[in-house]
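**Student:** File start-v8.pdb below, PDB, C-alpha atoms, pLDDT in the B column:
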```pdb
ATOM      1  CA  MET A  23       0.000   0.000   0.000  1.00 54.00           C
ATOM      2  CA  THR A  24       1.178   3.527  -0.797  1.00 67.00           C
ATOM      3  CA  THR A  25       2.330   5.353   2.329  1.00 79.00           C
ATOM      4  CA  ILE A  26       1.550   9.050   2.655  1.00 89.00           C
ATOM      5  CA  THR A  27       3.897  10.933   4.919  1.00 92.00           C
ATOM      6  CA  PRO A  28       3.461  14.508   6.149  1.00 94.00           C
ATOM      7  CA  LEU A  29       5.043  17.291   4.114  1.00 95.00           C
ATOM      8  CA  PRO A  30       7.020  19.380   6.643  1.00 96.00           C
ATOM      9  CA  GLU A  31       6.561  23.128   6.595  1.00 96.00           C
ATOM     10  CA  SER A  32      10.290  23.485   5.904  1.00 95.00           C
ATOM     11  CA  GLU A  33       9.867  21.637   2.608  1.00 96.00           C
ATOM     12  CA  ALA A  34       6.695  23.376   1.437  1.00 95.00           C
ATOM     13  CA  GLN A  35       6.998  25.558  -1.648  1.00 95.00           C
ATOM     14  CA  ASP A  36       4.905  27.986  -3.664  1.00 95.00           C
ATOM     15  CA  LYS A  37       1.146  27.446  -3.283  1.00 96.00           C
ATOM     16  CA  VAL A  38       1.512  24.835  -0.570  1.00 97.00           C
ATOM     17  CA  ALA A  39       3.657  27.164   1.517  1.00 97.00           C
ATOM     18  CA  GLN A  40       1.111  29.940   1.017  1.00 97.00           C
ATOM     19  CA  THR A  41      -1.708  27.624   2.036  1.00 98.00           C
ATOM     20  CA  TYR A  42       0.216  26.557   5.130  1.00 98.00           C
ATOM     21  CA  ASP A  43       0.456  30.229   6.144  1.00 97.00           C
ATOM     22  CA  ARG A  44      -3.274  30.689   5.584  1.00 97.00           C
ATOM     23  CA  ILE A  45      -4.044  27.587   7.642  1.00 98.00           C
ATOM     24  CA  LYS A  46      -1.980  28.870  10.566  1.00 97.00           C
ATOM     25  CA  GLU A  47      -3.687  32.229  10.321  1.00 97.00           C
ATOM     26  CA  MET A  48      -7.126  30.597  10.132  1.00 97.00           C
ATOM     27  CA  LEU A  49      -6.480  28.384  13.169  1.00 96.00           C
ATOM     28  CA  GLU A  50      -4.433  30.992  15.040  1.00 95.00           C
ATOM     29  CA  THR A  51      -1.578  28.565  15.565  1.00 95.00           C
ATOM     30  CA  ASP A  52       2.180  28.559  15.048  1.00 96.00           C
ATOM     31  CA  ALA A  53       2.268  25.104  13.481  1.00 96.00           C
ATOM     32  CA  VAL A  54       0.228  23.452  10.741  1.00 97.00           C
ATOM     33  CA  PRO A  55      -1.799  20.529  12.175  1.00 96.00           C
ATOM     34  CA  GLU A  56      -0.629  17.144  10.897  1.00 94.00           C
ATOM     35  CA  PRO A  57      -3.724  16.290   8.821  1.00 96.00           C
ATOM     36  CA  PHE A  58      -3.001  19.285   6.586  1.00 97.00           C
ATOM     37  CA  LEU A  59       0.650  18.211   6.268  1.00 97.00           C
ATOM     38  CA  ILE A  60      -0.555  14.899   4.857  1.00 96.00           C
ATOM     39  CA  TYR A  61      -3.101  16.513   2.534  1.00 97.00           C
ATOM     40  CA  ALA A  62      -0.286  18.666   1.140  1.00 97.00           C
ATOM     41  CA  ARG A  63       1.188  15.658  -0.661  1.00 96.00           C
ATOM     42  CA  VAL A  64      -1.639  16.334  -3.145  1.00 96.00           C
ATOM     43  CA  PRO A  65      -1.695  20.138  -3.378  1.00 97.00           C
ATOM     44  CA  ALA A  66      -5.030  20.276  -5.170  1.00 97.00           C
ATOM     45  CA  PHE A  67      -6.639  18.281  -2.358  1.00 98.00           C
ATOM     46  CA  LEU A  68      -5.022  20.498   0.280  1.00 98.00           C
ATOM     47  CA  GLN A  69      -6.413  23.589  -1.422  1.00 97.00           C
ATOM     48  CA  ASP A  70      -9.897  22.097  -1.843  1.00 98.00           C
ATOM     49  CA  PHE A  71     -10.040  20.888   1.734  1.00 98.00           C
ATOM     50  CA  PHE A  72      -8.696  24.147   3.153  1.00 98.00           C
ATOM     51  CA  MET A  73     -11.274  26.249   1.299  1.00 98.00           C
ATOM     52  CA  ASN A  74     -14.179  23.921   2.136  1.00 98.00           C
ATOM     53  CA  PHE A  75     -13.018  23.581   5.746  1.00 98.00           C
ATOM     54  CA  LYS A  76     -12.784  27.342   6.221  1.00 98.00           C
ATOM     55  CA  LYS A  77     -16.196  28.027   4.682  1.00 97.00           C
ATOM     56  CA  PHE A  78     -18.311  25.112   5.817  1.00 98.00           C
ATOM     57  CA  VAL A  79     -16.650  23.839   9.007  1.00 98.00           C
ATOM     58  CA  LEU A  80     -15.158  26.837  10.790  1.00 97.00           C
ATOM     59  CA  LYS A  81     -16.980  29.979   9.743  1.00 95.00           C
ATOM     60  CA  GLU A  82     -20.308  31.263  11.037  1.00 94.00           C
ATOM     61  CA  GLY A  83     -22.938  30.672   8.389  1.00 96.00           C
ATOM     62  CA  LYS A  84     -26.473  29.363   8.398  1.00 96.00           C
ATOM     63  CA  ILE A  85     -25.469  27.374  11.487  1.00 96.00           C
ATOM     64  CA  ASP A  86     -23.122  28.464  14.253  1.00 97.00           C
ATOM     65  CA  PRO A  87     -19.480  27.316  14.687  1.00 97.00           C
ATOM     66  CA  LEU A  88     -20.206  25.285  17.838  1.00 98.00           C
ATOM     67  CA  THR A  89     -22.860  23.221  16.073  1.00 98.00           C
ATOM     68  CA  LYS A  90     -20.390  22.664  13.252  1.00 98.00           C
ATOM     69  CA  ALA A  91     -17.803  21.504  15.789  1.00 98.00           C
ATOM     70  CA  TYR A  92     -20.341  19.029  17.161  1.00 98.00           C
ATOM     71  CA  LEU A  93     -21.002  17.771  13.624  1.00 98.00           C
ATOM     72  CA  GLY A  94     -17.273  17.418  13.018  1.00 98.00           C
ATOM     73  CA  LEU A  95     -16.886  15.481  16.250  1.00 98.00           C
ATOM     74  CA  SER A  96     -19.798  13.210  15.333  1.00 98.00           C
ATOM     75  CA  VAL A  97     -18.429  12.418  11.889  1.00 98.00           C
ATOM     76  CA  SER A  98     -14.913  11.890  13.248  1.00 98.00           C
ATOM     77  CA  SER A  99     -16.216   9.499  15.876  1.00 97.00           C
ATOM     78  CA  LEU A 100     -18.238   7.554  13.292  1.00 96.00           C
ATOM     79  CA  TYR A 101     -15.093   6.992  11.227  1.00 96.00           C
ATOM     80  CA  ARG A 102     -12.823   6.594  14.281  1.00 95.00           C
ATOM     81  CA  CYS A 103     -10.401   9.316  13.232  1.00 96.00           C
ATOM     82  CA  LYS A 104      -8.473  10.244  16.370  1.00 95.00           C
ATOM     83  CA  PRO A 105      -6.683  13.391  15.097  1.00 96.00           C
ATOM     84  CA  TRP A 106      -9.947  14.997  14.055  1.00 97.00           C
ATOM     85  CA  ILE A 107     -11.771  13.773  17.180  1.00 97.00           C
ATOM     86  CA  GLU A 108      -9.140  15.570  19.248  1.00 97.00           C
ATOM     87  CA  PHE A 109      -9.332  18.680  17.077  1.00 97.00           C
ATOM     88  CA  PHE A 110     -13.100  19.043  17.380  1.00 98.00           C
ATOM     89  CA  ASP A 111     -13.052  18.156  21.062  1.00 97.00           C
ATOM     90  CA  GLN A 112     -10.675  21.052  21.684  1.00 96.00           C
ATOM     91  CA  ARG A 113     -12.462  23.423  19.322  1.00 97.00           C
ATOM     92  CA  ALA A 114     -15.853  22.776  20.885  1.00 98.00           C
ATOM     93  CA  GLN A 115     -14.418  23.459  24.331  1.00 98.00           C
ATOM     94  CA  GLN A 116     -12.902  26.707  23.070  1.00 96.00           C
ATOM     95  CA  LEU A 117     -16.365  27.655  21.828  1.00 97.00           C
ATOM     96  CA  GLY A 118     -17.928  27.011  25.236  1.00 97.00           C
ATOM     97  CA  ALA A 119     -18.864  23.327  25.230  1.00 98.00           C
ATOM     98  CA  THR A 120     -18.574  21.402  28.483  1.00 97.00           C
ATOM     99  CA  GLU A 121     -17.044  17.941  28.847  1.00 97.00           C
ATOM    100  CA  THR A 122     -20.545  16.612  29.515  1.00 97.00           C
ATOM    101  CA  GLN A 123     -21.873  18.076  26.274  1.00 98.00           C
ATOM    102  CA  LEU A 124     -19.043  16.510  24.292  1.00 98.00           C
ATOM    103  CA  GLN A 125     -19.877  13.142  25.818  1.00 98.00           C
ATOM    104  CA  GLU A 126     -23.540  13.725  24.978  1.00 98.00           C
ATOM    105  CA  VAL A 127     -22.663  14.417  21.336  1.00 98.00           C
ATOM    106  CA  LEU A 128     -20.924  11.041  21.150  1.00 97.00           C
ATOM    107  CA  ALA A 129     -23.899   9.362  22.831  1.00 97.00           C
ATOM    108  CA  VAL A 130     -26.357  10.952  20.389  1.00 97.00           C
ATOM    109  CA  ALA A 131     -24.180   9.805  17.483  1.00 97.00           C
ATOM    110  CA  ALA A 132     -24.080   6.253  18.838  1.00 96.00           C
ATOM    111  CA  THR A 133     -27.833   6.178  19.434  1.00 96.00           C
ATOM    112  CA  ASN A 134     -28.428   7.455  15.928  1.00 95.00           C
ATOM    113  CA  SER A 135     -26.339   4.620  14.496  1.00 95.00           C
ATOM    114  CA  MET A 136     -28.448   2.139  16.464  1.00 94.00           C
ATOM    115  CA  TYR A 137     -31.616   3.528  14.895  1.00 92.00           C
ATOM    116  CA  ASN A 138     -30.011   3.677  11.464  1.00 95.00           C
ATOM    117  CA  ALA A 139     -29.185  -0.025  11.686  1.00 93.00           C
ATOM    118  CA  PHE A 140     -32.775  -0.852  12.579  1.00 90.00           C
ATOM    119  CA  PHE A 141     -34.660   1.390  10.158  1.00 89.00           C
ATOM    120  CA  LYS A 142     -32.313   0.760   7.256  1.00 93.00           C
ATOM    121  CA  PHE A 143     -32.928  -2.958   7.677  1.00 90.00           C
ATOM    122  CA  ARG A 144     -36.687  -2.411   7.616  1.00 86.00           C
ATOM    123  CA  ASP A 145     -36.308  -0.272   4.516  1.00 86.00           C
ATOM    124  CA  ILE A 146     -34.155  -2.683   2.499  1.00 85.00           C
ATOM    125  CA  SER A 147     -35.484  -6.009   3.747  1.00 83.00           C
ATOM    126  CA  GLY A 148     -38.040  -6.205   0.958  1.00 75.00           C
ATOM    127  CA  SER A 149     -40.652  -7.463   3.393  1.00 73.00           C
ATOM    128  CA  ALA A 150     -43.683  -5.591   4.714  1.00 74.00           C
ATOM    129  CA  LEU A 151     -43.677  -7.930   7.723  1.00 71.00           C
ATOM    130  CA  PHE A 152     -41.144  -5.860   9.640  1.00 76.00           C
ATOM    131  CA  GLU A 153     -43.085  -2.634   9.103  1.00 76.00           C
ATOM    132  CA  GLY A 154     -45.799  -3.929  11.391  1.00 74.00           C
ATOM    133  CA  LEU A 155     -43.508  -5.009  14.217  1.00 69.00           C
ATOM    134  CA  PRO A 156     -42.553  -2.664  17.060  1.00 78.00           C
ATOM    135  CA  VAL A 157     -39.180  -0.918  17.108  1.00 79.00           C
ATOM    136  CA  GLY A 158     -38.572  -1.840  20.733  1.00 78.00           C
ATOM    137  CA  LEU A 159     -35.345   0.174  21.021  1.00 85.00           C
ATOM    138  CA  ARG A 160     -35.037   2.868  23.672  1.00 87.00           C
ATOM    139  CA  ALA A 161     -33.681   6.228  22.529  1.00 87.00           C
ATOM    140  CA  HIS A 162     -34.191   8.670  25.402  1.00 92.00           C
ATOM    141  CA  THR A 163     -30.693   9.958  24.621  1.00 94.00           C
ATOM    142  CA  PHE A 164     -32.199  12.052  21.833  1.00 92.00           C
ATOM    143  CA  SER A 165     -34.284  14.066  24.298  1.00 91.00           C
ATOM    144  CA  ALA A 166     -32.602  13.694  27.693  1.00 93.00           C
ATOM    145  CA  THR A 167     -29.313  15.561  27.230  1.00 95.00           C
ATOM    146  CA  SER A 168     -28.367  19.210  27.662  1.00 95.00           C
ATOM    147  CA  LEU A 169     -28.031  19.578  23.879  1.00 97.00           C
ATOM    148  CA  ASP A 170     -30.771  21.569  22.165  1.00 95.00           C
ATOM    149  CA  GLU A 171     -33.176  19.794  19.815  1.00 96.00           C
ATOM    150  CA  THR A 172     -31.825  21.448  16.698  1.00 97.00           C
ATOM    151  CA  THR A 173     -28.286  20.269  17.399  1.00 97.00           C
ATOM    152  CA  VAL A 174     -29.484  16.717  18.036  1.00 97.00           C
ATOM    153  CA  GLU A 175     -31.530  16.659  14.836  1.00 97.00           C
ATOM    154  CA  LEU A 176     -28.713  18.042  12.684  1.00 98.00           C
ATOM    155  CA  ILE A 177     -26.367  15.372  14.050  1.00 98.00           C
ATOM    156  CA  ASN A 178     -29.017  12.758  13.307  1.00 97.00           C
ATOM    157  CA  ILE A 179     -29.504  13.997   9.743  1.00 98.00           C
ATOM    158  CA  ALA A 180     -25.765  14.124   9.047  1.00 98.00           C
ATOM    159  CA  LEU A 181     -25.008  10.646  10.367  1.00 98.00           C
ATOM    160  CA  SER A 182     -28.160   9.095   8.914  1.00 97.00           C
ATOM    161  CA  ASP A 183     -26.999  10.393   5.533  1.00 97.00           C
ATOM    162  CA  LEU A 184     -23.576   8.796   6.021  1.00 97.00           C
ATOM    163  CA  ASN A 185     -25.164   5.551   7.194  1.00 95.00           C
ATOM    164  CA  ALA A 186     -27.485   5.621   4.150  1.00 95.00           C
ATOM    165  CA  CYS A 187     -30.660   5.315   6.211  1.00 95.00           C
ATOM    166  CA  LYS A 188     -33.376   6.892   4.076  1.00 94.00           C
ATOM    167  CA  PRO A 189     -36.220   6.587   6.630  1.00 92.00           C
ATOM    168  CA  CYS A 190     -34.075   8.251   9.306  1.00 95.00           C
ATOM    169  CA  VAL A 191     -32.988  11.092   7.024  1.00 96.00           C
ATOM    170  CA  THR A 192     -36.616  11.699   6.058  1.00 96.00           C
ATOM    171  CA  GLY A 193     -37.879  11.562   9.637  1.00 95.00           C
ATOM    172  CA  HIS A 194     -35.210  13.803  11.125  1.00 96.00           C
ATOM    173  CA  LEU A 195     -35.513  16.268   8.258  1.00 97.00           C
ATOM    174  CA  ALA A 196     -39.232  16.602   8.963  1.00 97.00           C
ATOM    175  CA  LYS A 197     -38.483  17.114  12.663  1.00 96.00           C
ATOM    176  CA  VAL A 198     -35.857  19.788  12.085  1.00 97.00           C
ATOM    177  CA  ARG A 199     -38.241  21.667   9.803  1.00 96.00           C
ATOM    178  CA  GLU A 200     -40.844  21.582  12.576  1.00 97.00           C
ATOM    179  CA  LEU A 201     -38.230  23.269  14.756  1.00 97.00           C
ATOM    180  CA  GLY A 202     -38.017  26.094  12.233  1.00 97.00           C
ATOM    181  CA  VAL A 203     -34.619  25.262  10.756  1.00 97.00           C
ATOM    182  CA  LYS A 204     -34.299  26.496   7.184  1.00 96.00           C
ATOM    183  CA  ASP A 205     -33.343  24.132   4.377  1.00 96.00           C
ATOM    184  CA  GLU A 206     -30.223  26.230   3.730  1.00 97.00           C
ATOM    185  CA  ALA A 207     -29.039  25.485   7.274  1.00 98.00           C
ATOM    186  CA  VAL A 208     -29.624  21.768   6.789  1.00 98.00           C
ATOM    187  CA  LEU A 209     -27.665  21.880   3.538  1.00 98.00           C
ATOM    188  CA  GLU A 210     -24.805  23.653   5.297  1.00 98.00           C
ATOM    189  CA  ALA A 211     -24.749  20.908   7.924  1.00 98.00           C
ATOM    190  CA  ILE A 212     -24.355  18.379   5.101  1.00 98.00           C
ATOM    191  CA  GLN A 213     -21.654  20.492   3.453  1.00 98.00           C
ATOM    192  CA  CYS A 214     -19.803  20.536   6.775  1.00 98.00           C
ATOM    193  CA  THR A 215     -20.256  16.775   7.058  1.00 98.00           C
ATOM    194  CA  ALA A 216     -19.169  16.105   3.475  1.00 98.00           C
ATOM    195  CA  THR A 217     -16.036  18.202   3.900  1.00 98.00           C
ATOM    196  CA  MET A 218     -15.007  16.199   6.933  1.00 98.00           C
ATOM    197  CA  VAL A 219     -15.746  12.878   5.250  1.00 98.00           C
ATOM    198  CA  ALA A 220     -13.220  13.789   2.543  1.00 98.00           C
ATOM    199  CA  GLY A 221     -10.584  14.887   5.049  1.00 98.00           C
ATOM    200  CA  ILE A 222     -11.091  11.871   7.289  1.00 97.00           C
ATOM    201  CA  GLN A 223     -11.046   9.336   4.454  1.00 96.00           C
ATOM    202  CA  PHE A 224      -7.783  10.707   3.071  1.00 95.00           C
ATOM    203  CA  LEU A 225      -6.199  10.850   6.524  1.00 95.00           C
ATOM    204  CA  ASN A 226      -7.354   7.365   7.522  1.00 92.00           C
ATOM    205  CA  SER A 227      -5.977   5.948   4.272  1.00 88.00           C
ATOM    206  CA  ALA A 228      -2.640   7.608   4.933  1.00 83.00           C
ATOM    207  CA  THR A 229      -2.297   6.380   8.503  1.00 67.00           C
ATOM    208  CA  VAL A 230      -3.545   2.787   8.291  1.00 58.00           C
TER     209      VAL A 230
END
```
What do you get writing this file as structure tokens?
**Tutor:**
Amino acid sequence: MTTITPLPESEAQDKVAQTYDRIKEMLETDAVPEPFLIYARVPAFLQDFFMNFKKFVLKEGKIDPLTKAYLGLSVSSLYRCKPWIEFFDQRAQQLGATETQLQEVLAVAATNSMYNAFFKFRDISGSALFEGLPVGLRAHTFSATSLDETTVELINIALSDLNACKPCVTGHLAKVRELGVKDEAVLEAIQCTATMVAGIQFLNSATV
């Protein structure tokens, strides 16, 4: 398998060096985080990820930066990407999240995956039999944390999309609309999610 090693700042040239400077400015840090050093081995990918990350993951938009940090943490936990889990854990705390809330985000993500497994099976089983049987799975985690409903529903939509559970995406989308969330905000949550999927997949491939 091809090994991808980080490109040190001392070896960066031209556009990559410029992007490194912009990354440090964006993150207010003296050193480029290692994921970006790995992405730099493919400069076009580094540039794409940097621009998407800045716009859809970090910046205030249709949804706030803390919610985006929670989404990033959820996606990183789903794909077991430690560097990005640590990044979003720290970023969320900088934005005011408590340790309890970070744990609740992970619990919501895990509960969502449980429901995705169940409802996706019912959807693709090809049998109407299972539609008439009770779900039977407890999911008080969705409503019994300190996280607000909108945050929980956006996490559920993002992860249900990644887990390819159509009934869950449909159900949570209806719920978030009831809460008054605009479609543009939902789309931004998916853009945030999609950006991190790309970054995580590349990083995981490089560090297997």
**Student:** If you measure from atom CA of Asp170 of chain A to atom CA of Lys81 of chain A, what distance in Å do you get, rounded to one decimal?
**Tutor:**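 Taking atom CA of Asp170 of chain A as the start and atom CA of Lys81 of chain A as the end point, the length is 20.4 Å.
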**Student:** May I ask which of the residues A:Ile222, A:Ala129, A:Leu117, A:Val191 is the closest one to Arg102 of chain A, counting all atoms listed in the file?
**Tutor:** A:Ile222
**Student:** For Lys77 of chain A, which residue out of A:Ala114, A:Leu151, A:Ala119, A:Cys214 is the nearest one, using all atoms listed in the file?
**Tutor:**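 Under the stated criterion, the closest residue is A:Cys214.
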**Student:** On this file, the PyMOL selection byres ((chain A and resi 48-62) around 8) gives some set of residues; write that set as a VMD selection string.
**Tutor:** chain A and resid 26 to 31 38 42 44 to 47 63 to 65 67 to 68 76 105 221 224 to 225 228
**Student:** Running the PyMOL selection byres ((chain A and resi 211) around 12) on this model by hand, what would come out? Give it as a ChimeraX atom specification.
**Tutor:** /A:77-80,82-94,96-97,172-181,183,195,198,203-210,212-218
**Student:** Output the selection as a short mmCIF file (atom, residue, chain, number, x, y, z; two decimals), in the coordinates of the input - C-alpha atoms for each residue.
**Tutor:**
```cif
data_model
loop_
_atom_site.label_atom_id
_atom_site.label_comp_id
_atom_site.auth_asym_id
_atom_site.auth_seq_id
_atom_site.Cartn_x
_atom_site.Cartn_y
_atom_site.Cartn_z
CA LYS A 77 -16.20 28.03 4.68
CA PHE A 78 -18.31 25.11 5.82
CA VAL A 79 -16.65 23.84 9.01
CA LEU A 80 -15.16 26.84 10.79
CA GLU A 82 -20.31 31.26 11.04
CA GLY A 83 -22.94 30.67 8.39
CA LYS A 84 -26.47 29.36 8.40
CA ILE A 85 -25.47 27.37 11.49
CA ASP A 86 -23.12 28.46 14.25
CA PRO A 87 -19.48 27.32 14.69
CA LEU A 88 -20.21 25.28 17.84
CA THR A 89 -22.86 23.22 16.07
CA LYS A 90 -20.39 22.66 13.25
CA ALA A 91 -17.80 21.50 15.79
CA TYR A 92 -20.34 19.03 17.16
CA LEU A 93 -21.00 17.77 13.62
CA GLY A 94 -17.27 17.42 13.02
CA SER A 96 -19.80 13.21 15.33
CA VAL A 97 -18.43 12.42 11.89
CA THR A 172 -31.82 21.45 16.70
CA THR A 173 -28.29 20.27 17.40
CA VAL A 174 -29.48 16.72 18.04
CA GLU A 175 -31.53 16.66 14.84
CA LEU A 176 -28.71 18.04 12.68
CA ILE A 177 -26.37 15.37 14.05
CA ASN A 178 -29.02 12.76 13.31
CA ILE A 179 -29.50 14.00 9.74
CA ALA A 180 -25.76 14.12 9.05
CA LEU A 181 -25.01 10.65 10.37
CA ASP A 183 -27.00 10.39 5.53
CA LEU A 195 -35.51 16.27 8.26
CA VAL A 198 -35.86 19.79 12.08
CA VAL A 203 -34.62 25.26 10.76
CA LYS A 204 -34.30 26.50 7.18
CA ASP A 205 -33.34 24.13 4.38
CA GLU A 206 -30.22 26.23 3.73
CA ALA A 207 -29.04 25.48 7.27
CA VAL A 208 -29.62 21.77 6.79
CA LEU A 209 -27.66 21.88 3.54
CA GLU A 210 -24.80 23.65 5.30
CA ILE A 212 -24.36 18.38 5.10
CA GLN A 213 -21.65 20.49 3.45
CA CYS A 214 -19.80 20.54 6.78
CA THR A 215 -20.26 16.77 7.06
CA ALA A 216 -19.17 16.10 3.48
CA THR A 217 -16.04 18.20 3.90
CA MET A 218 -15.01 16.20 6.93
#
```
**Student:** Between atom CA of Gln223 of chain A and atom CA of Thr192 of chain A, what is the distance, to one decimal in Å?
**Tutor:**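 Computed distance, atom CA of Gln223 of chain A to atom CA of Thr192 of chain A, equals 25.7 Å.
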**Student:** Quote the spacing between atom CA of Cys103 of chain A and atom CA of Asn226 of chain A in Å to one decimal place.
**Tutor:**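 According to the coordinates, atom CA of Cys103 of chain A and atom CA of Asn226 of chain A are separated by 6.8 Å.
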**Student:** Considering only C-alpha atoms, can you say which of A:Met136, A:Ala220, A:Ala34, A:Leu159 comes closest to Cys187 of chain A?
**Tutor:** A:Met136
